[in-house]
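The structure appears right after this line, and notes come after that.
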Amino acid sequence: MDIENVRSIAGTEQYEDNDDLIGLIMSNADASGQYVIFRNGFDNLYAINVAKVEELVAYEEIELTENSNSFGIISGVAKIRGNIVPIINFDRWLGNEADPSTYELIMVCNYGGERMGIVIKNVLGILSIDSNKMIDNSELDEKTSFITEISLSGVQGLCLVFDSDKLLLEVFPKIENNEMYKTHNLNLSTPITGKVLSAEDSGVIRSALKTVYEQLQLDYELFANGALLLERLSQLDPNQVSLIITDLEMPVMDGIKMIEAIVEEPRYGGIPIVVNTNMANGSVASKCLSLGVHHIIPKLDVEDLSNAIKNYAR
């Protein structure tokens with residue numbers, strides 16, 4: 001497997017210098033294909049896109065206010081850099097219970113403005129993984145998005161990219177409930193006659209998008225990755241397509257590569273593109289806008305999505 005730009009953290013002694021860990025993350029934060037590779041309490045390999053990670057904090061350094069539900073996925077809350085952050089027992093979310101003494105780090109993540117701290121064993125490092133090296137694994141395991149093979153810091157094996165959108169909505173169920181409630185009032189003052197093509201790998205987000213699109217009475221097609229959308233687009237008259245809405249992090253072909261392929265083809269030049277993602281930090285957002293993306297929406301912001309469809313669909 002061809003892996004580029006490998007940076008590793010070898011040994012727990014490096015956790016003492018948290019500034020180095022923060023720098024490691026921030027130095028890669030402009031790359032949508034960069035992943036933090038970590039172990040859970042059972043030494044299984046998992047990955048999360050680096051654009052969703054704000055920092056790594058030593059587990060022993062936080063003061064945890066425990067949750068009254070000792071068996072819930074939320075262990076409690078902690079104050080980290082001035083923010084009250086829910087602390088998530090990642091292994092418990094996966095359906096397992098590891099020895100607490102195995103945990104060394106909390107990975108502070110930010111999903112479209114919602115923060116959580118995920119308790120993990122340790123981090124192997126950060127590496128770049130091409131989306132075409134990722135295989136959809138969601139049908140085999142609903143809590144994972146895709147699976148890939150890695151070689152990093154002397155460790156080789158299969159690595160699971162977990163479905164962070166599913167985790168987010170299970171930690172903050174009100175987000176989905178509140179946003180889905182808003183769908184009842186959605187409407188378009190002027191019907192959109194063309195087709196809307198949409199790419200999203202997360203099953204839970206695809207279901208929500210389907211609700212929005214049907215409420216707006218759109219002629220839409222929904223795809224699990226950018227390659228499928230691009231293939232379908234090639235079969236259509238571009239004048240029939242009113243709008244493209246895409247996630248960024250997807251297997252086979254991610255959103256950035258798909259957008260690049262679309263903007264490089266002159267006959268697709270007039271099709272507006274909207275990005276729907278929870279990983280749009282400043283650098284990723286700038287990359288999208290430089291490619292001609294018309295608007296960037298946090299996932300499950302129903303009003304923003306509806307307004308974007310109204311404003312940009314041709």
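Labeling convention for the structure tokens: chains A, B, ... as they appear, residues from 1 per chain, ligands from 1 in order of appearance.
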
Sorted by chain and rising residue number, which residues of region 93-127 of chain A lie within 12 Å of region 170-188 of chain A, and what are their closest atom pairs and distances in Å to one decimal, counting only C-alpha atoms, as a Markdown table?
| residue | atom | partner | partner_atom | distance |
| --- | --- | --- | --- | --- |
| A:Trp93 | CA | A:Glu170 | CA | 9.1 |
| A:Leu94 | CA | A:Glu170 | CA | 11.9 |
| A:Tyr111 | CA | A:Phe172 | CA | 11.1 |
| A:Gly112 | CA | A:Ile175 | CA | 11.3 |
| A:Gly113 | CA | A:Ile175 | CA | 11.7 |
| A:Glu114 | CA | A:Phe172 | CA | 8.7 |
| A:Arg115 | CA | A:Phe172 | CA | 10.2 |
| A:Met116 | CA | A:Val171 | CA | 8.7 |
| A:Gly117 | CA | A:Val171 | CA | 11.0 |
| A:Ile118 | CA | A:Val171 | CA | 11.1 |

Store the residues of this selection in a file with N, CA and C atoms, as a PDB file, in the first residue's frame.
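File written: out_21.pdb
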ATOM      1  N   TRP A  93     -19.096   2.480  23.345  1.00  0.00           N
ATOM      2  CA  TRP A  93     -19.938   2.775  22.175  1.00  0.00           C
ATOM      3  C   TRP A  93     -19.876   1.633  21.159  1.00  0.00           C
ATOM      4  N   LEU A  94     -18.690   1.015  21.057  1.00  0.00           N
ATOM      5  CA  LEU A  94     -18.526  -0.109  20.144  1.00  0.00           C
ATOM      6  C   LEU A  94     -19.162  -1.386  20.683  1.00  0.00           C
ATOM      7  N   TYR A 111     -17.130  18.384  15.604  1.00  0.00           N
ATOM      8  CA  TYR A 111     -17.978  18.036  14.464  1.00  0.00           C
ATOM      9  C   TYR A 111     -18.950  19.186  14.209  1.00  0.00           C
ATOM     10  N   GLY A 112     -18.594  20.047  13.288  1.00  0.00           N
ATOM     11  CA  GLY A 112     -19.492  21.141  12.947  1.00  0.00           C
ATOM     12  C   GLY A 112     -19.858  22.013  14.130  1.00  0.00           C
ATOM     13  N   GLY A 113     -18.916  22.203  15.064  1.00  0.00           N
ATOM     14  CA  GLY A 113     -19.173  23.059  16.222  1.00  0.00           C
ATOM     15  C   GLY A 113     -19.523  22.311  17.491  1.00  0.00           C
ATOM     16  N   GLU A 114     -19.792  21.007  17.407  1.00  0.00           N
ATOM     17  CA  GLU A 114     -20.079  20.186  18.587  1.00  0.00           C
ATOM     18  C   GLU A 114     -18.792  19.464  19.003  1.00  0.00           C
ATOM     19  N   ARG A 115     -18.371  19.672  20.252  1.00  0.00           N
ATOM     20  CA  ARG A 115     -17.135  19.067  20.738  1.00  0.00           C
ATOM     21  C   ARG A 115     -17.422  17.843  21.597  1.00  0.00           C
ATOM     22  N   MET A 116     -16.525  16.880  21.527  1.00  0.00           N
ATOM     23  CA  MET A 116     -16.551  15.733  22.424  1.00  0.00           C
ATOM     24  C   MET A 116     -15.129  15.230  22.603  1.00  0.00           C
ATOM     25  N   GLY A 117     -14.871  14.599  23.743  1.00  0.00           N
ATOM     26  CA  GLY A 117     -13.577  13.987  23.994  1.00  0.00           C
ATOM     27  C   GLY A 117     -13.722  12.480  23.929  1.00  0.00           C
ATOM     28  N   ILE A 118     -12.970  11.830  23.064  1.00  0.00           N
ATOM     29  CA  ILE A 118     -13.058  10.388  22.874  1.00  0.00           C
ATOM     30  C   ILE A 118     -11.878   9.728  23.579  1.00  0.00           C
TER      31      ILE A 118
END

Within 6 Å of region 56-72 of chain A, counting only C-alpha atoms, which residues show up once you throw out same-chain ones fewer than 5 positions away? Write them as an MDAnalysis selection string, please. chainID A and resid 77:78 104:107

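Compared by their closest atoms to Ile73 (chain A), and using only C-alpha atoms, the residues A:Asp254, A:Asp163, A:Glu260, A:Glu97 rank with A:Glu97 nearest.
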
Restricting to only C-alpha atoms, whichever of A:Ile297, A:Ala285, A:Val241, A:Ile262 is closest to Gly194 (chain A) is A:Val241

| request: Find the residues near Ala227 (chain A): any atom within 10 Å, counting only C-alpha atoms, skip ones fewer than 4 places away on the same chain, and give them as a count of residues only. | output: 15

Just list as a count of residues only whatever in region 128-264 of chain A DSSP marks as helix (DSSP H, G or I).
59
